[in-house]
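For reference, start.tsv (TSV, N, CA and C atoms):
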```tsv
chain	number	residue	atom	x	y	z
E	21	MET	N	212.31	101.09	308.41
E	21	MET	CA	212.13	101.57	307.05
E	21	MET	C	210.84	102.39	306.92
E	22	THR	N	209.80	102.01	307.69
E	22	THR	CA	208.54	102.74	307.64
E	22	THR	C	208.72	104.18	308.07
E	23	ASN	N	209.49	104.42	309.14
E	23	ASN	CA	209.72	105.78	309.60
E	23	ASN	C	210.46	106.61	308.57
E	24	LEU	N	211.42	105.99	307.88
E	24	LEU	CA	212.17	106.70	306.85
E	24	LEU	C	211.25	107.08	305.68
E	25	LEU	N	210.42	106.15	305.26
E	25	LEU	CA	209.47	106.42	304.18
E	25	LEU	C	208.46	107.48	304.62
E	26	GLN	N	207.99	107.38	305.84
E	26	GLN	CA	207.03	108.35	306.37
E	26	GLN	C	207.67	109.75	306.44
E	27	THR	N	208.91	109.82	306.85
E	27	THR	CA	209.62	111.10	306.92
E	27	THR	C	209.79	111.69	305.52
E	28	PHE	N	210.12	110.85	304.55
E	28	PHE	CA	210.24	111.31	303.17
E	28	PHE	C	208.91	111.85	302.66
E	29	ARG	N	207.85	111.09	302.87
E	29	ARG	CA	206.53	111.52	302.41
E	29	ARG	C	206.08	112.79	303.12
E	30	TYR	N	206.33	112.87	304.43
E	30	TYR	CA	206.00	114.08	305.17
E	30	TYR	C	206.73	115.28	304.57
E	31	SER	N	207.99	115.09	304.25
E	31	SER	CA	208.79	116.18	303.68
E	31	SER	C	208.26	116.64	302.34
E	32	VAL	N	207.85	115.70	301.49
E	32	VAL	CA	207.30	116.05	300.18
E	32	VAL	C	206.00	116.83	300.33
E	33	VAL	N	205.09	116.32	301.16
E	33	VAL	CA	203.81	117.00	301.37
E	33	VAL	C	204.03	118.37	302.00
E	34	SER	N	204.91	118.43	302.98
E	34	SER	CA	205.20	119.71	303.63
E	34	SER	C	205.80	120.71	302.64
E	35	ALA	N	206.64	120.22	301.76
E	35	ALA	CA	207.22	121.11	300.74
E	35	ALA	C	206.13	121.66	299.82
E	36	ILE	N	205.18	120.81	299.46
E	36	ILE	CA	204.07	121.27	298.62
E	36	ILE	C	203.27	122.35	299.36
E	37	CYS	N	202.96	122.10	300.62
E	37	CYS	CA	202.21	123.07	301.42
E	37	CYS	C	203.01	124.35	301.62
E	38	LEU	N	204.29	124.19	301.88
E	38	LEU	CA	205.16	125.35	302.07
E	38	LEU	C	205.21	126.20	300.81
E	39	LEU	N	205.41	125.56	299.67
E	39	LEU	CA	205.46	126.30	298.41
E	39	LEU	C	204.12	126.98	298.12
E	40	LEU	N	203.04	126.30	298.43
E	40	LEU	CA	201.72	126.89	298.26
E	40	LEU	C	201.57	128.14	299.12
E	41	SER	N	201.95	128.04	300.37
E	41	SER	CA	201.86	129.19	301.27
E	41	SER	C	202.82	130.31	300.89
E	42	ILE	N	204.05	129.94	300.59
E	42	ILE	CA	205.04	130.94	300.23
E	42	ILE	C	204.64	131.67	298.96
E	43	ALA	N	204.07	130.95	298.02
E	43	ALA	CA	203.67	131.57	296.76
E	43	ALA	C	202.47	132.49	296.95
E	44	MET	N	201.54	132.11	297.79
E	44	MET	CA	200.30	132.88	297.95
E	44	MET	C	200.54	134.26	298.57
E	45	VAL	N	201.38	134.33	299.57
E	45	VAL	CA	201.54	135.60	300.30
E	45	VAL	C	202.14	136.69	299.40
E	46	PRO	N	203.30	136.47	298.78
E	46	PRO	CA	203.83	137.53	297.92
E	46	PRO	C	202.96	137.77	296.68
E	47	LEU	N	202.38	136.70	296.15
E	47	LEU	CA	201.52	136.86	294.98
E	47	LEU	C	200.34	137.77	295.29
E	48	LEU	N	199.66	137.51	296.37
E	48	LEU	CA	198.53	138.36	296.75
E	48	LEU	C	198.98	139.75	297.19
E	49	ALA	N	200.17	139.82	297.81
E	49	ALA	CA	200.69	141.13	298.24
E	49	ALA	C	200.99	142.02	297.03
E	50	THR	N	201.40	141.43	295.92
E	50	THR	CA	201.71	142.23	294.73
E	50	THR	C	200.47	142.86	294.11
E	51	VAL	N	199.30	142.31	294.40
E	51	VAL	CA	198.05	142.91	293.88
E	51	VAL	C	197.34	143.73	294.96
E	52	GLY	N	198.08	144.03	296.05
E	52	GLY	CA	197.55	144.94	297.05
E	52	GLY	C	196.89	144.31	298.26
E	53	VAL	N	196.91	142.98	298.37
E	53	VAL	CA	196.31	142.31	299.52
E	53	VAL	C	197.33	142.37	300.67
E	54	HIS	N	196.89	142.77	301.85
E	54	HIS	CA	197.77	142.84	303.02
E	54	HIS	C	198.31	141.45	303.34
E	55	TYR	N	199.56	141.39	303.78
E	55	TYR	CA	200.17	140.09	304.04
E	55	TYR	C	199.44	139.28	305.10
E	56	ALA	N	198.76	139.92	306.03
E	56	ALA	CA	198.02	139.17	307.06
E	56	ALA	C	196.87	138.39	306.43
E	57	PHE	N	196.09	139.05	305.55
E	57	PHE	CA	194.99	138.35	304.88
E	57	PHE	C	195.53	137.33	303.88
E	58	ALA	N	196.59	137.68	303.18
E	58	ALA	CA	197.21	136.76	302.23
E	58	ALA	C	197.71	135.51	302.96
E	59	THR	N	198.21	135.68	304.17
E	59	THR	CA	198.66	134.54	304.97
E	59	THR	C	197.48	133.65	305.33
E	60	PHE	N	196.34	134.26	305.65
E	60	PHE	CA	195.14	133.49	305.97
E	60	PHE	C	194.69	132.66	304.76
E	61	VAL	N	194.69	133.25	303.57
E	61	VAL	CA	194.31	132.53	302.35
E	61	VAL	C	195.28	131.37	302.12
E	62	GLY	N	196.57	131.65	302.24
E	62	GLY	CA	197.58	130.60	302.07
E	62	GLY	C	197.41	129.49	303.10
E	63	PHE	N	197.08	129.87	304.32
E	63	PHE	CA	196.86	128.88	305.38
E	63	PHE	C	195.69	127.95	305.03
E	64	CYS	N	194.59	128.53	304.59
E	64	CYS	CA	193.40	127.72	304.25
E	64	CYS	C	193.72	126.72	303.15
E	65	LEU	N	194.36	127.18	302.10
E	65	LEU	CA	194.72	126.29	300.99
E	65	LEU	C	195.71	125.22	301.44
E	66	SER	N	196.67	125.63	302.22
E	66	SER	CA	197.68	124.69	302.70
E	66	SER	C	197.10	123.68	303.68
E	67	ALA	N	196.18	124.10	304.54
E	67	ALA	CA	195.58	123.19	305.53
E	67	ALA	C	194.76	122.10	304.84
E	68	ILE	N	193.97	122.48	303.87
E	68	ILE	CA	193.16	121.48	303.16
E	68	ILE	C	194.05	120.52	302.38
E	69	THR	N	194.98	121.09	301.64
E	69	THR	CA	195.90	120.26	300.84
E	69	THR	C	196.73	119.35	301.75
E	70	GLY	N	197.27	119.91	302.83
E	70	GLY	CA	198.10	119.13	303.74
E	70	GLY	C	197.35	117.99	304.39
E	71	PHE	N	196.15	118.25	304.86
E	71	PHE	CA	195.37	117.19	305.50
E	71	PHE	C	195.08	116.06	304.52
E	72	LEU	N	194.63	116.41	303.34
E	72	LEU	CA	194.29	115.39	302.35
E	72	LEU	C	195.50	114.54	301.98
E	73	LEU	N	196.64	115.18	301.74
E	73	LEU	CA	197.84	114.43	301.35
E	73	LEU	C	198.46	113.67	302.52
E	74	HIS	N	198.54	114.31	303.68
E	74	HIS	CA	199.15	113.62	304.84
E	74	HIS	C	198.31	112.42	305.28
E	75	SER	N	197.00	112.57	305.31
E	75	SER	CA	196.19	111.45	305.79
E	75	SER	C	196.23	110.28	304.82
E	76	ARG	N	196.25	110.55	303.53
E	76	ARG	CA	196.22	109.45	302.57
E	76	ARG	C	197.62	108.93	302.25
E	77	TRP	N	198.57	109.81	301.98
E	77	TRP	CA	199.87	109.37	301.47
E	77	TRP	C	200.92	109.25	302.57
E	78	THR	N	201.04	110.24	303.42
E	78	THR	CA	202.10	110.22	304.44
E	78	THR	C	201.83	109.14	305.50
E	79	PHE	N	200.65	109.18	306.09
E	79	PHE	CA	200.36	108.28	307.21
E	79	PHE	C	199.40	107.14	306.84
E	80	ASP	N	198.79	107.20	305.67
E	80	ASP	CA	197.90	106.15	305.16
E	80	ASP	C	196.84	105.76	306.19
E	81	VAL	N	196.07	106.76	306.61
E	81	VAL	CA	194.98	106.53	307.55
E	81	VAL	C	193.69	107.07	306.94
E	82	ASP	N	192.59	106.57	307.44
E	82	ASP	CA	191.29	107.06	306.97
E	82	ASP	C	191.09	108.49	307.42
E	83	ARG	N	190.49	109.26	306.54
E	83	ARG	CA	190.18	110.65	306.88
E	83	ARG	C	188.89	110.69	307.69
E	84	SER	N	188.87	111.61	308.62
E	84	SER	CA	187.65	111.82	309.40
E	84	SER	C	187.55	113.30	309.73
E	85	PHE	N	186.34	113.72	310.07
E	85	PHE	CA	186.17	115.11	310.46
E	85	PHE	C	186.94	115.40	311.74
E	86	ALA	N	186.96	114.44	312.67
E	86	ALA	CA	187.68	114.63	313.93
E	86	ALA	C	189.18	114.83	313.67
E	87	ALA	N	189.74	114.02	312.77
E	87	ALA	CA	191.16	114.17	312.44
E	87	ALA	C	191.41	115.51	311.75
E	88	PHE	N	190.50	115.92	310.87
E	88	PHE	CA	190.66	117.22	310.20
E	88	PHE	C	190.59	118.35	311.22
E	89	ALA	N	189.68	118.26	312.16
E	89	ALA	CA	189.56	119.29	313.20
E	89	ALA	C	190.83	119.35	314.05
E	90	ARG	N	191.37	118.18	314.42
E	90	ARG	CA	192.63	118.15	315.17
E	90	ARG	C	193.76	118.74	314.35
E	91	TYR	N	193.81	118.37	313.08
E	91	TYR	CA	194.85	118.86	312.18
E	91	TYR	C	194.80	120.38	312.07
E	92	VAL	N	193.62	120.91	311.81
E	92	VAL	CA	193.48	122.37	311.67
E	92	VAL	C	193.83	123.07	312.97
E	93	SER	N	193.38	122.50	314.10
E	93	SER	CA	193.70	123.15	315.38
E	93	SER	C	195.20	123.09	315.65
E	94	ALA	N	195.84	121.99	315.27
E	94	ALA	CA	197.28	121.86	315.51
E	94	ALA	C	198.08	122.83	314.64
E	95	VAL	N	197.72	122.94	313.38
E	95	VAL	CA	198.48	123.81	312.50
E	95	VAL	C	197.98	125.25	312.52
E	96	ALA	N	196.85	125.49	313.20
E	96	ALA	CA	196.32	126.85	313.27
E	96	ALA	C	197.28	127.81	313.98
E	97	LEU	N	198.09	127.29	314.85
E	97	LEU	CA	199.08	128.15	315.50
E	97	LEU	C	200.03	128.75	314.47
E	98	ASN	N	200.17	128.09	313.34
E	98	ASN	CA	201.00	128.64	312.26
E	98	ASN	C	200.52	130.00	311.81
E	99	LEU	N	199.22	130.19	311.78
E	99	LEU	CA	198.67	131.44	311.24
E	99	LEU	C	199.12	132.66	312.03
E	100	PRO	N	198.86	132.74	313.34
E	100	PRO	CA	199.33	133.94	314.05
E	100	PRO	C	200.86	134.03	314.11
E	101	LEU	N	201.53	132.89	314.27
E	101	LEU	CA	202.99	132.92	314.31
E	101	LEU	C	203.57	133.39	312.98
E	102	THR	N	202.97	132.95	311.88
E	102	THR	CA	203.45	133.38	310.57
E	102	THR	C	203.25	134.88	310.39
E	103	VAL	N	202.08	135.37	310.75
E	103	VAL	CA	201.82	136.81	310.62
E	103	VAL	C	202.81	137.60	311.50
E	104	ILE	N	203.03	137.13	312.72
E	104	ILE	CA	203.97	137.81	313.62
E	104	ILE	C	205.38	137.77	313.05
E	105	LEU	N	205.81	136.60	312.58
E	105	LEU	CA	207.17	136.48	312.05
E	105	LEU	C	207.35	137.27	310.75
E	106	ILE	N	206.33	137.27	309.89
E	106	ILE	CA	206.42	138.07	308.67
E	106	ILE	C	206.45	139.56	309.04
E	107	GLY	N	205.60	139.96	309.98
E	107	GLY	CA	205.59	141.34	310.43
E	107	GLY	C	206.94	141.76	311.02
E	108	LEU	N	207.53	140.88	311.80
E	108	LEU	CA	208.84	141.14	312.38
E	108	LEU	C	209.88	141.34	311.28
E	109	GLY	N	209.88	140.41	310.32
E	109	GLY	CA	210.85	140.50	309.23
E	109	GLY	C	210.60	141.68	308.31
E	110	HIS	N	209.35	141.92	307.97
E	110	HIS	CA	209.01	142.97	307.01
E	110	HIS	C	208.93	144.35	307.65
E	111	ASP	N	208.11	144.48	308.69
E	111	ASP	CA	207.84	145.78	309.27
E	111	ASP	C	208.95	146.29	310.20
E	112	ILE	N	209.61	145.39	310.90
E	112	ILE	CA	210.62	145.81	311.86
E	112	ILE	C	212.03	145.75	311.27
E	113	ILE	N	212.37	144.62	310.65
E	113	ILE	CA	213.72	144.46	310.10
E	113	ILE	C	213.84	145.10	308.72
E	114	GLY	N	212.74	145.08	307.95
E	114	GLY	CA	212.76	145.71	306.64
E	114	GLY	C	213.00	144.77	305.46
E	115	PHE	N	212.88	143.46	305.70
E	115	PHE	CA	213.00	142.51	304.60
E	115	PHE	C	211.78	142.60	303.69
E	116	SER	N	211.89	142.07	302.49
E	116	SER	CA	210.72	142.01	301.60
E	116	SER	C	209.73	141.00	302.16
E	117	VAL	N	208.48	141.07	301.69
E	117	VAL	CA	207.46	140.11	302.13
E	117	VAL	C	207.87	138.69	301.75
E	118	GLY	N	208.44	138.51	300.57
E	118	GLY	CA	208.87	137.17	300.13
E	118	GLY	C	209.93	136.57	301.04
E	119	ILE	N	210.93	137.34	301.37
E	119	ILE	CA	212.00	136.85	302.26
E	119	ILE	C	211.45	136.61	303.66
E	120	SER	N	210.64	137.53	304.15
E	120	SER	CA	210.05	137.37	305.48
E	120	SER	C	209.16	136.14	305.56
E	121	THR	N	208.41	135.88	304.51
E	121	THR	CA	207.54	134.70	304.46
E	121	THR	C	208.36	133.42	304.48
E	122	THR	N	209.42	133.38	303.72
E	122	THR	CA	210.29	132.21	303.67
E	122	THR	C	210.94	131.95	305.02
E	123	MET	N	211.40	133.01	305.66
E	123	MET	CA	212.02	132.85	306.98
E	123	MET	C	211.01	132.36	308.01
E	124	ALA	N	209.79	132.89	307.97
E	124	ALA	CA	208.75	132.46	308.91
E	124	ALA	C	208.45	130.98	308.72
E	125	ALA	N	208.36	130.55	307.49
E	125	ALA	CA	208.07	129.14	307.21
E	125	ALA	C	209.18	128.23	307.73
E	126	ALA	N	210.41	128.65	307.58
E	126	ALA	CA	211.53	127.84	308.04
E	126	ALA	C	211.50	127.66	309.55
E	127	VAL	N	211.10	128.68	310.28
E	127	VAL	CA	211.04	128.62	311.74
E	127	VAL	C	210.01	127.60	312.22
E	128	LEU	N	208.95	127.39	311.45
E	128	LEU	CA	207.83	126.55	311.90
E	128	LEU	C	207.91	125.08	311.47
E	129	VAL	N	208.98	124.67	310.82
E	129	VAL	CA	209.06	123.31	310.30
E	129	VAL	C	208.98	122.24	311.40
E	130	ILE	N	209.72	122.38	312.45
E	130	ILE	CA	209.73	121.36	313.51
E	130	ILE	C	208.38	121.27	314.22
E	131	TRP	N	207.80	122.43	314.53
E	131	TRP	CA	206.47	122.44	315.15
E	131	TRP	C	205.48	121.68	314.29
E	132	ASN	N	205.53	121.91	313.01
E	132	ASN	CA	204.56	121.28	312.11
E	132	ASN	C	204.68	119.76	312.10
E	133	PHE	N	205.89	119.22	312.09
E	133	PHE	CA	206.03	117.77	312.07
E	133	PHE	C	205.39	117.15	313.31
E	134	ILE	N	205.67	117.71	314.46
E	134	ILE	CA	205.11	117.19	315.71
E	134	ILE	C	203.59	117.32	315.72
E	135	ALA	N	203.10	118.48	315.34
E	135	ALA	CA	201.66	118.75	315.38
E	135	ALA	C	200.88	117.90	314.38
E	136	VAL	N	201.42	117.74	313.18
E	136	VAL	CA	200.71	116.97	312.15
E	136	VAL	C	200.63	115.50	312.54
E	137	ARG	N	201.70	114.96	313.01
E	137	ARG	CA	201.69	113.55	313.42
E	137	ARG	C	200.68	113.34	314.55
E	138	TRP	N	200.67	114.23	315.54
E	138	TRP	CA	199.72	114.14	316.64
E	138	TRP	C	198.28	114.19	316.13
E	139	ALA	N	198.03	115.05	315.18
E	139	ALA	CA	196.66	115.29	314.72
E	139	ALA	C	196.11	114.17	313.86
E	140	ILE	N	196.93	113.61	313.00
E	140	ILE	CA	196.42	112.69	311.98
E	140	ILE	C	196.53	111.22	312.39
E	141	VAL	N	197.60	110.84	313.02
E	141	VAL	CA	197.80	109.43	313.34
E	141	VAL	C	196.90	109.05	314.51
E	142	PRO	N	196.08	108.00	314.32
E	142	PRO	CA	195.16	107.58	315.39
E	142	PRO	C	195.91	107.20	316.66
E	143	ARG	N	195.25	107.43	317.78
E	143	ARG	CA	195.82	107.05	319.08
E	143	ARG	C	195.73	105.56	319.27
E	144	LEU	N	196.62	105.02	320.09
E	144	LEU	CA	196.52	103.62	320.45
E	144	LEU	C	195.27	103.42	321.28
E	145	SER	N	194.61	102.29	321.14
E	145	SER	CA	193.40	102.07	321.93
E	145	SER	C	193.78	102.07	323.41
E	146	GLY	N	192.94	102.73	324.18
E	146	GLY	CA	193.21	102.87	325.60
E	146	GLY	C	194.01	104.10	325.94
E	147	ALA	N	194.60	104.78	324.93
E	147	ALA	CA	195.40	105.97	325.19
E	147	ALA	C	194.56	107.22	325.16
E	148	GLY	N	193.29	107.08	324.81
E	148	GLY	CA	192.41	108.25	324.72
E	148	GLY	C	192.51	108.88	323.35
E	149	SER	N	191.51	109.67	323.01
E	149	SER	CA	191.54	110.32	321.70
E	149	SER	C	191.26	111.75	321.73
```
Written as structure tokens, that's how I'd like the structure from this file.
Amino acid sequence: MTNLLQTFRYSVVSAICLLLSIAMVPLLATVGVHYAFATFVGFCLSAITGFLLHSRWTFDVDRSFAAFARYVSAVALNLPLTVILIGLGHDIIGFSVGISTTMAAAVLVIWNFIAVRWAIVPRLSGAGS
């Protein structure tokens, strides 16, 4: 039951972060901000929000700077991949920034679950940290 509850909570927090990121890129793009920089802004907001919510609500662990550093490093791969995927969708295929952003986010869902759990959940003693 714990895994089911954890999966539900992960999904809710991830949806919040996803909506935050998806909203930021097209919103900033409409006022002339390049999608690459807009993606960076969305990433920063999403990383802070995601860490705070995942550590407290999803996994119910104490927050630490080390966990935050692991979390940011784990999800940091999202930033270049998102820019590449948005660029592919927008610049090469010709989709709108909004559609390209949504598609990029969908591609990264599985990576994020694995990376977030690795980053936030403490290691078993003796397994190294």
Find the residues with any atom within 12 Å of (196.1, 113.2, 302.3); use only C-alpha atoms and the coordinates as given in the file, and write the answer as a ChimeraX atom specification. /E:29-30,32-34,36-37,66-84,87-88,91,136,140-141
I need the residues in chain E that are helix (DSSP H, G or I) according to DSSP; give them as a ChimeraX atom specification. /E:22-50,55-78,85-95,98-113,117-127,129-140
Taking 2 positions as the minimum chain separation for residues in the same chain, which residues sit within 9 Å of range 102-114 of chain E when counting only C-alpha atoms? Answer as a ChimeraX atom specification. /E:55-56,59-60,97-100,116-125,127-128
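For the pair CA of Phe85 in chain E and CA of Leu101 in chain E, the separation is 24.8 Å.
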Pairwise distance, atom C of Leu65 in chain E with CA of Leu25 in chain E, equals 23.5 Å
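A straight line drawn from CA of Gly62 in chain E to atom N of Ala135 in chain E is 18.8 Å long.
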